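So this block is my_file-v5.cif, mmCIF, C-alpha atoms and all ligand atoms:
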```cif
data_protein
loop_
_atom_site.label_atom_id
_atom_site.label_comp_id
_atom_site.auth_asym_id
_atom_site.auth_seq_id
_atom_site.Cartn_x
_atom_site.Cartn_y
_atom_site.Cartn_z
CA MET A 26 50.05 -102.34 6.18
CA ARG A 27 53.38 -103.28 4.57
CA ILE A 28 56.22 -100.89 5.39
CA LEU A 29 59.65 -100.73 3.81
CA MET A 30 61.91 -98.82 6.19
CA THR A 31 65.34 -97.51 5.23
CA GLY A 32 67.94 -96.44 7.80
CA ALA A 33 66.17 -98.66 10.33
CA ARG A 34 69.16 -98.79 12.71
CA GLY A 35 69.32 -95.00 13.07
CA GLN A 36 67.94 -93.04 16.00
CA ILE A 37 64.52 -92.36 14.48
CA GLY A 38 64.24 -95.66 12.60
CA SER A 39 64.98 -97.64 15.79
CA GLN A 40 62.34 -95.71 17.70
CA ILE A 41 59.68 -96.28 15.05
CA ARG A 42 60.48 -100.01 15.00
CA LYS A 43 59.90 -100.22 18.76
CA MET A 44 56.48 -98.61 18.43
CA LEU A 45 55.20 -100.07 15.16
CA PRO A 46 51.67 -101.54 15.43
CA ASP A 47 51.75 -105.36 15.74
CA ASP A 48 49.68 -105.93 12.62
CA TRP A 49 52.03 -103.90 10.38
CA GLU A 50 54.45 -105.93 8.31
CA LEU A 51 57.91 -104.41 8.26
CA ILE A 52 61.01 -104.86 6.15
CA ALA A 53 63.66 -102.97 8.12
CA THR A 54 66.77 -102.22 6.06
CA ASP A 55 70.07 -100.56 6.89
CA SER A 56 72.83 -99.26 4.64
CA LYS A 57 74.19 -102.80 4.17
CA THR A 58 70.92 -104.47 3.25
CA LEU A 59 69.65 -101.53 1.17
CA ASP A 60 72.01 -98.77 0.10
CA ILE A 61 69.60 -96.09 -1.09
CA THR A 62 72.26 -94.57 -3.37
CA ASN A 63 72.02 -97.73 -5.52
CA ALA A 64 68.97 -97.27 -7.76
CA ASP A 65 68.90 -100.95 -8.86
CA SER A 66 68.92 -102.21 -5.27
CA VAL A 67 66.12 -99.81 -4.39
CA GLU A 68 64.04 -100.92 -7.37
CA ASN A 69 64.66 -104.63 -6.61
CA MET A 70 63.62 -104.16 -2.99
CA LEU A 71 60.43 -102.33 -3.90
CA SER A 72 59.39 -104.74 -6.61
CA GLY A 73 60.18 -107.72 -4.38
CA PHE A 74 58.42 -106.57 -1.20
CA GLN A 75 55.63 -104.45 -2.76
CA PRO A 76 55.15 -102.21 0.29
CA ASP A 77 52.19 -99.89 0.88
CA VAL A 78 54.51 -97.22 2.26
CA VAL A 79 58.24 -96.49 2.07
CA MET A 80 59.45 -94.85 5.30
CA ASN A 81 62.78 -93.23 4.59
CA THR A 82 64.63 -92.71 7.86
CA ALA A 83 68.04 -93.04 6.18
CA GLY A 84 70.17 -89.97 5.81
CA TYR A 85 73.60 -88.40 5.98
CA THR A 86 73.09 -86.67 9.31
CA ASN A 87 76.48 -85.38 10.43
CA VAL A 88 75.99 -81.64 9.92
CA ASP A 89 79.63 -80.70 10.55
CA ALA A 90 81.15 -83.50 8.47
CA ALA A 91 78.84 -82.75 5.52
CA GLU A 92 80.63 -79.46 4.93
CA ASN A 93 83.73 -81.33 3.72
CA ASP A 94 81.86 -84.31 2.34
CA LEU A 95 79.49 -82.67 -0.13
CA GLU A 96 79.39 -85.53 -2.64
CA LYS A 97 78.44 -88.14 -0.08
CA ALA A 98 75.91 -85.87 1.64
CA PHE A 99 74.16 -85.20 -1.69
CA ALA A 100 74.47 -88.85 -2.79
CA ILE A 101 72.51 -89.99 0.28
CA ASN A 102 70.26 -87.01 1.05
CA ALA A 103 69.37 -86.11 -2.55
CA GLN A 104 70.18 -88.90 -5.05
CA GLY A 105 69.24 -91.67 -2.59
CA VAL A 106 65.92 -89.95 -1.89
CA LEU A 107 65.33 -89.55 -5.63
CA ASN A 108 65.97 -93.28 -6.15
CA LEU A 109 63.41 -94.17 -3.51
CA ALA A 110 60.84 -91.66 -4.75
CA ARG A 111 61.17 -92.79 -8.39
CA SER A 112 60.70 -96.46 -7.56
CA ALA A 113 57.90 -95.72 -5.12
CA ASN A 114 56.14 -93.69 -7.81
CA GLN A 115 56.56 -96.48 -10.37
CA HIS A 116 54.92 -98.93 -7.98
CA GLY A 117 52.20 -96.50 -6.85
CA VAL A 118 53.61 -96.46 -3.31
CA LYS A 119 53.40 -93.59 -0.83
CA MET A 120 56.65 -92.30 0.63
CA LEU A 121 57.19 -90.81 4.06
CA HIS A 122 60.42 -88.84 4.17
CA LEU A 123 62.16 -86.87 6.92
CA SER A 124 63.67 -83.44 6.58
CA THR A 125 64.99 -80.68 8.75
CA ASP A 126 64.64 -77.17 10.15
CA TYR A 127 68.10 -76.55 8.61
CA VAL A 128 66.45 -75.91 5.24
CA PHE A 129 65.72 -72.41 6.66
CA ASP A 130 68.23 -69.58 7.12
CA GLY A 131 66.98 -68.56 10.56
CA THR A 132 66.49 -64.87 9.81
CA LYS A 133 62.71 -64.85 10.31
CA TYR A 134 62.63 -64.95 14.12
CA THR A 135 59.03 -66.15 14.18
CA PRO A 136 58.15 -69.82 13.66
CA TYR A 137 58.65 -71.20 10.14
CA THR A 138 55.60 -72.85 8.60
CA GLU A 139 55.29 -75.14 5.60
CA SER A 140 54.75 -72.22 3.19
CA ASN A 141 57.88 -70.30 4.19
CA TYR A 142 60.61 -70.23 1.60
CA PRO A 143 63.69 -72.36 2.42
CA ASN A 144 67.20 -70.96 2.14
CA PRO A 145 69.69 -73.38 3.71
CA LEU A 146 72.98 -72.06 5.07
CA ASN A 147 75.13 -75.19 5.07
CA ILE A 148 75.79 -78.29 2.96
CA TYR A 149 73.65 -80.54 5.15
CA GLY A 150 70.67 -78.18 4.78
CA LYS A 151 71.27 -77.83 1.03
CA SER A 152 71.44 -81.60 0.55
CA LYS A 153 68.24 -82.07 2.56
CA LEU A 154 66.44 -79.40 0.53
CA ALA A 155 67.60 -81.08 -2.69
CA GLY A 156 66.13 -84.32 -1.30
CA GLU A 157 62.80 -82.63 -0.60
CA VAL A 158 62.59 -81.30 -4.15
CA ALA A 159 63.61 -84.69 -5.59
CA ALA A 160 61.04 -86.58 -3.51
CA LEU A 161 58.12 -84.30 -4.29
CA SER A 162 58.89 -84.06 -7.99
CA ALA A 163 59.52 -87.79 -8.52
CA ASN A 164 56.60 -89.02 -6.41
CA PRO A 165 53.61 -86.73 -5.77
CA ALA A 166 52.46 -89.29 -3.16
CA THR A 167 55.18 -88.12 -0.76
CA LEU A 168 54.77 -86.70 2.71
CA ILE A 169 57.85 -84.91 4.03
CA VAL A 170 57.94 -84.37 7.78
CA ARG A 171 60.39 -81.68 8.80
CA THR A 172 61.59 -81.96 12.38
CA SER A 173 64.44 -80.67 14.54
CA GLY A 174 66.87 -81.54 17.33
CA VAL A 175 65.71 -85.13 17.81
CA PHE A 176 66.82 -86.65 21.11
CA SER A 177 66.44 -89.92 22.99
CA ALA A 178 68.58 -92.37 24.95
CA VAL A 179 69.74 -93.95 21.67
CA GLY A 180 72.78 -93.07 19.57
CA ASN A 181 74.82 -89.90 19.34
CA ASN A 182 72.34 -87.12 19.83
CA PHE A 183 72.47 -83.88 21.80
CA LEU A 184 71.13 -85.42 25.02
CA THR A 185 73.52 -88.37 25.07
CA THR A 186 76.46 -86.10 24.15
CA VAL A 187 75.65 -83.62 26.93
CA VAL A 188 75.26 -86.40 29.52
CA ASN A 189 78.56 -88.01 28.46
CA ASN A 190 80.40 -84.66 28.65
CA ALA A 191 78.95 -83.78 32.05
CA LYS A 192 79.73 -87.26 33.44
CA GLN A 193 83.38 -86.74 32.49
CA GLY A 194 83.39 -83.67 34.74
CA LYS A 195 85.00 -81.42 32.12
CA ALA A 196 83.57 -78.01 31.18
CA PHE A 197 82.06 -77.86 27.69
CA GLY A 198 80.68 -75.03 25.57
CA VAL A 199 77.16 -74.94 24.15
CA VAL A 200 75.88 -72.27 21.78
CA ASP A 201 73.36 -69.86 23.26
CA GLU A 202 72.26 -67.91 20.20
CA GLN A 203 70.58 -70.66 18.21
CA ILE A 204 66.97 -71.37 19.07
CA CYS A 205 65.02 -74.44 18.00
CA CYS A 206 62.37 -76.84 19.29
CA PRO A 207 64.03 -80.10 20.37
CA THR A 208 61.93 -83.13 19.50
CA TYR A 209 61.62 -86.30 21.56
CA ALA A 210 62.19 -89.32 19.30
CA ALA A 211 59.26 -91.25 20.84
CA ASP A 212 56.86 -88.35 20.14
CA LEU A 213 58.14 -88.14 16.57
CA ALA A 214 57.81 -91.90 16.02
CA ALA A 215 54.23 -91.87 17.36
CA ALA A 216 53.42 -88.90 15.14
CA LEU A 217 54.85 -90.59 12.04
CA ILE A 218 52.87 -93.78 12.71
CA THR A 219 49.67 -91.74 13.17
CA LEU A 220 50.30 -89.77 9.97
CA VAL A 221 50.75 -92.99 7.98
CA ARG A 222 47.72 -94.71 9.53
CA ASP A 223 45.20 -91.88 9.95
CA TYR A 224 46.16 -89.41 7.20
CA PRO A 225 46.85 -91.61 4.16
CA GLN A 226 45.94 -88.83 1.72
CA MET A 227 48.34 -86.28 3.22
CA ARG A 228 51.02 -85.08 0.77
CA GLY A 229 53.68 -82.38 0.64
CA LEU A 230 55.31 -80.80 3.68
CA TYR A 231 54.41 -81.08 7.34
CA HIS A 232 56.25 -79.58 10.34
CA PHE A 233 56.44 -81.58 13.57
CA THR A 234 58.61 -80.74 16.61
CA GLY A 235 58.51 -80.68 20.38
CA GLY A 236 56.56 -77.86 22.01
CA THR A 237 59.32 -75.79 23.64
CA ALA A 238 61.55 -73.31 21.84
CA LEU A 239 64.85 -72.74 23.60
CA SER A 240 68.57 -72.28 22.97
CA TRP A 241 70.91 -75.27 22.84
CA TYR A 242 72.59 -73.83 25.94
CA ASP A 243 69.31 -73.76 27.88
CA PHE A 244 68.51 -77.26 26.64
CA ALA A 245 71.91 -78.52 27.85
CA LYS A 246 71.33 -76.92 31.26
CA LYS A 247 67.95 -78.62 31.55
CA ILE A 248 69.48 -82.00 30.70
CA VAL A 249 72.37 -81.64 33.15
CA THR A 250 70.03 -80.44 35.92
CA ALA A 251 67.63 -83.34 35.36
CA ALA A 252 70.56 -85.78 35.39
CA GLY A 253 71.72 -84.40 38.75
CA LEU A 254 75.10 -83.42 37.29
CA ASP A 255 77.06 -80.18 37.67
CA THR A 256 75.44 -77.36 35.63
CA ALA A 257 78.57 -75.21 36.08
CA LEU A 258 80.22 -77.46 33.49
CA VAL A 259 77.92 -76.07 30.78
CA GLU A 260 79.48 -72.90 29.37
CA LYS A 261 77.76 -70.41 27.08
CA THR A 262 79.33 -69.93 23.66
CA ASP A 263 78.31 -68.00 20.56
CA SER A 264 78.15 -69.14 16.92
CA THR A 265 81.76 -68.11 16.25
CA SER A 266 82.78 -71.24 18.18
CA GLN A 267 81.19 -73.41 15.47
CA ALA A 268 82.98 -74.41 12.29
CA ILE A 269 79.93 -74.04 10.06
CA THR A 270 76.98 -71.68 9.79
CA ARG A 271 73.69 -72.78 11.31
CA PRO A 272 70.37 -70.96 11.49
CA LYS A 273 70.05 -68.75 14.57
CA TYR A 274 66.33 -69.37 14.79
CA SER A 275 64.76 -72.52 13.39
CA VAL A 276 61.54 -72.98 15.31
CA LEU A 277 58.98 -74.82 13.19
CA ALA A 278 55.20 -74.52 13.33
CA SER A 279 52.49 -76.11 11.22
CA GLU A 280 49.64 -74.63 9.25
CA TYR A 281 47.78 -77.94 9.55
CA ASP A 282 45.12 -78.29 12.20
CA ILE A 283 46.30 -81.71 13.32
CA ARG A 284 46.82 -82.39 17.00
CA LEU A 285 49.62 -84.90 17.53
CA PRO A 286 50.57 -85.27 21.20
CA VAL A 287 54.00 -84.30 22.52
CA LYS A 288 55.43 -84.70 26.01
CA THR A 289 56.69 -81.60 27.81
CA ILE A 290 60.40 -81.13 27.35
CA ASP A 291 60.99 -81.96 31.03
CA GLU A 292 59.01 -85.21 30.75
CA ALA A 293 60.87 -86.15 27.58
CA ILE A 294 64.28 -85.46 29.14
CA ALA A 295 63.31 -87.46 32.26
CA GLU A 296 62.15 -90.43 30.16
CA SER A 297 65.33 -90.35 28.07
CA LEU A 298 67.54 -90.20 31.17
CA ALA A 299 65.63 -93.10 32.74
CA ALA A 300 66.10 -95.14 29.54
CA LEU A 301 69.84 -94.35 29.61
CA GLN A 302 70.06 -96.03 33.03
CA GLU A 303 68.47 -99.27 31.77
N1 LIG B 401 68.27 -86.35 14.34
C1 LIG B 401 67.76 -85.13 14.12
O1 LIG B 401 67.86 -84.23 14.96
C2 LIG B 401 67.04 -84.85 12.83
C3 LIG B 401 66.44 -83.61 12.66
C4 LIG B 401 65.79 -83.33 11.46
C5 LIG B 401 65.74 -84.29 10.47
N2 LIG B 401 66.34 -85.47 10.65
C6 LIG B 401 66.32 -86.45 9.55
O2 LIG B 401 65.78 -87.68 10.00
C7 LIG B 401 66.39 -88.76 9.32
C8 LIG B 401 66.90 -89.80 10.33
O3 LIG B 401 67.70 -89.16 11.30
P1 LIG B 401 68.39 -89.96 12.50
O4 LIG B 401 68.64 -88.98 13.57
O5 LIG B 401 67.63 -91.20 12.82
O6 LIG B 401 69.78 -90.30 11.83
P2 LIG B 401 70.86 -91.41 12.17
O7 LIG B 401 70.70 -91.91 13.55
O8 LIG B 401 72.16 -90.86 11.72
O9 LIG B 401 70.44 -92.60 11.19
C9 LIG B 401 70.56 -92.47 9.81
C10 LIG B 401 70.64 -93.84 9.22
O10 LIG B 401 70.80 -93.67 7.80
C11 LIG B 401 71.52 -94.80 7.36
N3 LIG B 401 72.18 -94.56 6.09
C12 LIG B 401 73.23 -93.74 5.84
N4 LIG B 401 73.58 -93.85 4.54
C13 LIG B 401 72.74 -94.74 3.98
C14 LIG B 401 72.60 -95.28 2.67
N5 LIG B 401 73.41 -94.92 1.67
N6 LIG B 401 71.62 -96.20 2.45
C15 LIG B 401 70.81 -96.58 3.44
N7 LIG B 401 70.89 -96.11 4.71
C16 LIG B 401 71.84 -95.21 4.96
C17 LIG B 401 72.54 -95.08 8.44
O11 LIG B 401 72.76 -96.46 8.41
P3 LIG B 401 74.17 -97.11 8.77
O12 LIG B 401 74.35 -96.86 10.21
O13 LIG B 401 73.98 -98.54 8.41
O14 LIG B 401 75.20 -96.37 7.95
C18 LIG B 401 71.83 -94.65 9.71
O15 LIG B 401 71.37 -95.75 10.46
C19 LIG B 401 67.48 -88.15 8.43
O16 LIG B 401 66.96 -87.98 7.14
C20 LIG B 401 67.71 -86.77 9.04
O17 LIG B 401 68.16 -85.83 8.09
C21 LIG B 401 67.00 -85.79 11.80
#
```

Reformat the file's structure so that it appears as structure tokens.
Ligand SMILES: NC(=O)c1ccc[n+]([C@@H]2O[C@H](COP(=O)([O-])OP(=O)(O)OC[C@H]3O[C@@H](n4cnc5c(N)ncnc54)[C@H](OP(=O)(O)O)[C@@H]3O)[C@@H](O)[C@H]2O)c1
Amino acid sequence: MRILMTGARGQIGSQIRKMLPDDWELIATDSKTLDITNADSVENMLSGFQPDVVMNTAGYTNVDAAENDLEKAFAINAQGVLNLARSANQHGVKMLHLSTDYVFDGTKYTPYTESNYPNPLNIYGKSKLAGEVAALSANPATLIVRTSGVFSAVGNNFLTTVVNNAKQGKAFGVVDEQICCPTYAADLAAALITLVRDYPQMRGLYHFTGGTALSWYDFAKKIVTAAGLDTALVEKTDSTSQAITRPKYSVLASEYDIRLPVKTIDEAIAESLAALQE
């Protein structure tokens, strides 16, 4: 299997690279070696490497910054995705693309499945939804995996931010009224590899997250407790403390009867904390 991966230095791309089967051939690109907003570069890369699958793990992922950076967020999350999907379609190549729970408005209060209607509240969510539409319309051989709250020992994610804050010994606020299912990057990477290998005909949308729904505040408490740090430093805040609107409830569930293993949230936190020590 020949894989062209974009955004390969990101949190999810790095994790997939670590776990990729030995007999898969990989071209791992970052924003310098393949800027997905440049349609010619995308086309040259695809025609040169002739992959079986394009795995797009690139994205504009800073939810807060996107609000004042609309053009760039859409250039990467929508136009860049369209460039990849168009070229992949031209070459008859399947595309695996990642999207987010933030395409939903959070007013449902029961888990969102693939057939629920999206209605994003912020620029990041809108740009990701535009990317979904672009990918599916330009290349019917696209599988979009929506996920949420990805964490690991790598990069700037919720777990590493919470640990850094708590280590500094300063109190910090975490929102209590937004519920999602945090997803362990290693579980997601394993799931994506399985989907590519074992479900080659799968198309459209698929929801994959960790198995525990909880508030960001409760998640922070779990992390700080597991790290043996002071839980009193974690203070409860409400959404008014945040600069932009986020869904209050963005738990995802799938209508597909596919069993992809996930670690318990406590196991995943423990593994991430152990990896942080290495
Ligand atoms: N993390 C989450 O909680 C989460 C949840 C739901 C969905 N997702 C989606 O999953 C995907 C990957 O997320 P992540 O957490 O791994 O993000 P990440 O760590 O921020 O990595 C994103 C990567 O995209 C690359 N990139 C940015 N602009 C690019 C461009 N113009 N051309 C090519 N590459 C570009 C960046 O490369 P450089 O560093 O070289 O700029 C970066 O390495 C994104 O589509 C995101 O929306 C993430």

Between A:Val78, A:Cys206, A:Leu161, A:Val276, which is the closest to Arg222 (chain A) once you count all atoms listed in the file?
A:Val78

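Every polymer residue reaching to within 10 Å of (58.4, -89.2, 23.2), counting only C-alpha atoms, appears in this list: Gln40, Val175, Phe176, Ser177, Thr208, Tyr209, Ala210, Ala211, Asp212, Leu213, Ala214, Ala215, Ala216, Gly235, Pro286, Val287, Lys288, Thr289, Ile290, Glu292, Ala293, Ile294, Glu296 and Ser297 of chain A.
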
Around ligand LIG 401 (chain B), at most 9 Å away and counting only C-alpha atoms and all ligand atoms, which residues are there? Put them as number ranges by chain, please.
A: 31-40, 54-63, 81-87, 97-98, 100-102, 105, 122-127, 149-150, 153, 170-176, 179-183, 207-208, 210

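Each of A:Lys151, A:Ser140, A:Asp65, A:Thr262 was compared to Glu96 (chain A) using only C-alpha atoms, and A:Lys151 turns out to be the nearest.
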
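Distance check against Tyr224 (chain A) using only C-alpha atoms: of A:Phe129, A:Tyr137, A:Tyr281, A:Phe74, the minimum falls on A:Tyr281.
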
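Across A:Arg27, A:Lys246, A:Ala53, A:Pro46, the tightest approach to Leu184 (chain A) is made by A:Lys246 when counting all atoms listed in the file.
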
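Distance check against Leu258 (chain A) using all atoms listed in the file: of A:Pro272, A:Gly236, A:Pro136, A:Gly194, the minimum falls on A:Gly194.
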
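Put simply, CA of Glu139 (chain A) is 20.1 Å away from CA of Met80 (chain A).
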
Might you pull out every residue within 12 Å of Val249 (chain A), with all atoms listed in the file counted and same-chain residues fewer than 6 positions away left off, and present them as a PyMOL selection string?
chain A and resi 183-192+194+196-197+242-243+255-260+291+294-295+298

Those same residues - C-alpha atoms - I'd like them written as a PDB file, in the coordinates of the input.
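out.pdb, freshly written:
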```pdb
ATOM      1  CA  PHE A 183      72.470 -83.880  21.800  1.00  0.00           C
ATOM      2  CA  LEU A 184      71.130 -85.420  25.020  1.00  0.00           C
ATOM      3  CA  THR A 185      73.520 -88.370  25.070  1.00  0.00           C
ATOM      4  CA  THR A 186      76.460 -86.100  24.150  1.00  0.00           C
ATOM      5  CA  VAL A 187      75.650 -83.620  26.930  1.00  0.00           C
ATOM      6  CA  VAL A 188      75.260 -86.400  29.520  1.00  0.00           C
ATOM      7  CA  ASN A 189      78.560 -88.010  28.460  1.00  0.00           C
ATOM      8  CA  ASN A 190      80.400 -84.660  28.650  1.00  0.00           C
ATOM      9  CA  ALA A 191      78.950 -83.780  32.050  1.00  0.00           C
ATOM     10  CA  LYS A 192      79.730 -87.260  33.440  1.00  0.00           C
ATOM     11  CA  GLY A 194      83.390 -83.670  34.740  1.00  0.00           C
ATOM     12  CA  ALA A 196      83.570 -78.010  31.180  1.00  0.00           C
ATOM     13  CA  PHE A 197      82.060 -77.860  27.690  1.00  0.00           C
ATOM     14  CA  TYR A 242      72.590 -73.830  25.940  1.00  0.00           C
ATOM     15  CA  ASP A 243      69.310 -73.760  27.880  1.00  0.00           C
ATOM     16  CA  ASP A 255      77.060 -80.180  37.670  1.00  0.00           C
ATOM     17  CA  THR A 256      75.440 -77.360  35.630  1.00  0.00           C
ATOM     18  CA  ALA A 257      78.570 -75.210  36.080  1.00  0.00           C
ATOM     19  CA  LEU A 258      80.220 -77.460  33.490  1.00  0.00           C
ATOM     20  CA  VAL A 259      77.920 -76.070  30.780  1.00  0.00           C
ATOM     21  CA  GLU A 260      79.480 -72.900  29.370  1.00  0.00           C
ATOM     22  CA  ASP A 291      60.990 -81.960  31.030  1.00  0.00           C
ATOM     23  CA  ILE A 294      64.280 -85.460  29.140  1.00  0.00           C
ATOM     24  CA  ALA A 295      63.310 -87.460  32.260  1.00  0.00           C
ATOM     25  CA  LEU A 298      67.540 -90.200  31.170  1.00  0.00           C
TER      26      LEU A 298
END
```

Box dimensions and centre (Å, one decimal) enclosing region 69-79 of chain A, axis-aligned, 8 Å extra per side, as JSON:
```
{"center_x": 58.4, "center_y": -102.1, "center_z": -2.2, "size_x": 28.5, "size_y": 27.2, "size_z": 24.9}
```

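The gap separating CA of Gln193 (chain A) from CA of Ala238 (chain A) is 27.8 Å, in Å to one decimal.
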
Subset file as a PDB file, in the first residue's frame: region 75-138 of chain A, C-alpha atoms:
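Everything below was put into decode-v4.pdb:
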```
ATOM      1  CA  GLN A  75       0.941   7.591  -7.544  1.00  0.00           C
ATOM      2  CA  PRO A  76      -0.329   6.626  -4.078  1.00  0.00           C
ATOM      3  CA  ASP A  77      -3.144   4.175  -3.359  1.00  0.00           C
ATOM      4  CA  VAL A  78      -4.456   6.420  -0.595  1.00  0.00           C
ATOM      5  CA  VAL A  79      -4.048  10.076   0.367  1.00  0.00           C
ATOM      6  CA  MET A  80      -4.199  10.501   4.157  1.00  0.00           C
ATOM      7  CA  ASN A  81      -4.870  14.136   4.886  1.00  0.00           C
ATOM      8  CA  THR A  82      -3.812  14.907   8.446  1.00  0.00           C
ATOM      9  CA  ALA A  83      -2.982  18.526   7.595  1.00  0.00           C
ATOM     10  CA  GLY A  84      -5.220  21.247   8.894  1.00  0.00           C
ATOM     11  CA  TYR A  85      -5.558  24.679  10.420  1.00  0.00           C
ATOM     12  CA  THR A  86      -6.290  23.493  13.945  1.00  0.00           C
ATOM     13  CA  ASN A  87      -6.098  26.535  16.215  1.00  0.00           C
ATOM     14  CA  VAL A  88      -9.787  27.005  17.029  1.00  0.00           C
ATOM     15  CA  ASP A  89      -9.340  30.365  18.786  1.00  0.00           C
ATOM     16  CA  ALA A  90      -6.971  31.864  16.215  1.00  0.00           C
ATOM     17  CA  ALA A  91      -9.221  30.831  13.312  1.00  0.00           C
ATOM     18  CA  GLU A  92     -11.837  33.340  14.424  1.00  0.00           C
ATOM     19  CA  ASN A  93      -9.573  36.219  13.347  1.00  0.00           C
ATOM     20  CA  ASP A  94      -7.843  34.325  10.564  1.00  0.00           C
ATOM     21  CA  LEU A  95     -10.787  33.260   8.413  1.00  0.00           C
ATOM     22  CA  GLU A  96      -8.972  33.388   5.070  1.00  0.00           C
ATOM     23  CA  LYS A  97      -6.131  31.158   6.176  1.00  0.00           C
ATOM     24  CA  ALA A  98      -8.440  28.724   7.985  1.00  0.00           C
ATOM     25  CA  PHE A  99     -10.565  28.311   4.842  1.00  0.00           C
ATOM     26  CA  ALA A 100      -7.501  28.209   2.564  1.00  0.00           C
ATOM     27  CA  ILE A 101      -6.145  25.175   4.447  1.00  0.00           C
ATOM     28  CA  ASN A 102      -9.296  23.459   5.738  1.00  0.00           C
ATOM     29  CA  ALA A 103     -11.454  23.969   2.630  1.00  0.00           C
ATOM     30  CA  GLN A 104      -9.418  24.951  -0.471  1.00  0.00           C
ATOM     31  CA  GLY A 105      -6.469  22.736   0.496  1.00  0.00           C
ATOM     32  CA  VAL A 106      -8.815  19.785   1.001  1.00  0.00           C
ATOM     33  CA  LEU A 107     -10.472  20.517  -2.344  1.00  0.00           C
ATOM     34  CA  ASN A 108      -7.056  20.520  -4.059  1.00  0.00           C
ATOM     35  CA  LEU A 109      -6.237  17.118  -2.600  1.00  0.00           C
ATOM     36  CA  ALA A 110      -9.657  15.659  -3.371  1.00  0.00           C
ATOM     37  CA  ARG A 111      -9.621  16.896  -6.992  1.00  0.00           C
ATOM     38  CA  SER A 112      -6.192  15.451  -7.715  1.00  0.00           C
ATOM     39  CA  ALA A 113      -6.986  12.224  -5.889  1.00  0.00           C
ATOM     40  CA  ASN A 114     -10.151  11.878  -7.965  1.00  0.00           C
ATOM     41  CA  GLN A 115      -8.263  12.519 -11.202  1.00  0.00           C
ATOM     42  CA  HIS A 116      -5.831   9.736 -10.345  1.00  0.00           C
ATOM     43  CA  GLY A 117      -8.515   7.346  -9.051  1.00  0.00           C
ATOM     44  CA  VAL A 118      -7.072   7.527  -5.530  1.00  0.00           C
ATOM     45  CA  LYS A 119      -8.993   7.124  -2.279  1.00  0.00           C
ATOM     46  CA  MET A 120      -8.745   9.921   0.265  1.00  0.00           C
ATOM     47  CA  LEU A 121      -8.915   9.622   4.032  1.00  0.00           C
ATOM     48  CA  HIS A 122      -9.684  12.978   5.605  1.00  0.00           C
ATOM     49  CA  LEU A 123     -10.123  14.111   9.213  1.00  0.00           C
ATOM     50  CA  SER A 124     -12.878  16.314  10.527  1.00  0.00           C
ATOM     51  CA  THR A 125     -14.325  17.397  13.807  1.00  0.00           C
ATOM     52  CA  ASP A 126     -17.192  17.346  16.290  1.00  0.00           C
ATOM     53  CA  TYR A 127     -17.171  21.168  15.935  1.00  0.00           C
ATOM     54  CA  VAL A 128     -19.254  20.846  12.766  1.00  0.00           C
ATOM     55  CA  PHE A 129     -22.214  20.430  15.178  1.00  0.00           C
ATOM     56  CA  ASP A 130     -23.883  23.185  17.214  1.00  0.00           C
ATOM     57  CA  GLY A 131     -24.163  21.130  20.404  1.00  0.00           C
ATOM     58  CA  THR A 132     -27.878  21.668  20.995  1.00  0.00           C
ATOM     59  CA  LYS A 133     -28.891  18.019  20.578  1.00  0.00           C
ATOM     60  CA  TYR A 134     -27.689  16.704  23.955  1.00  0.00           C
ATOM     61  CA  THR A 135     -27.674  13.111  22.729  1.00  0.00           C
ATOM     62  CA  PRO A 136     -24.770  11.709  20.692  1.00  0.00           C
ATOM     63  CA  TYR A 137     -24.418  13.018  17.134  1.00  0.00           C
ATOM     64  CA  THR A 138     -24.309  10.357  14.427  1.00  0.00           C
TER      65      THR A 138
END
```
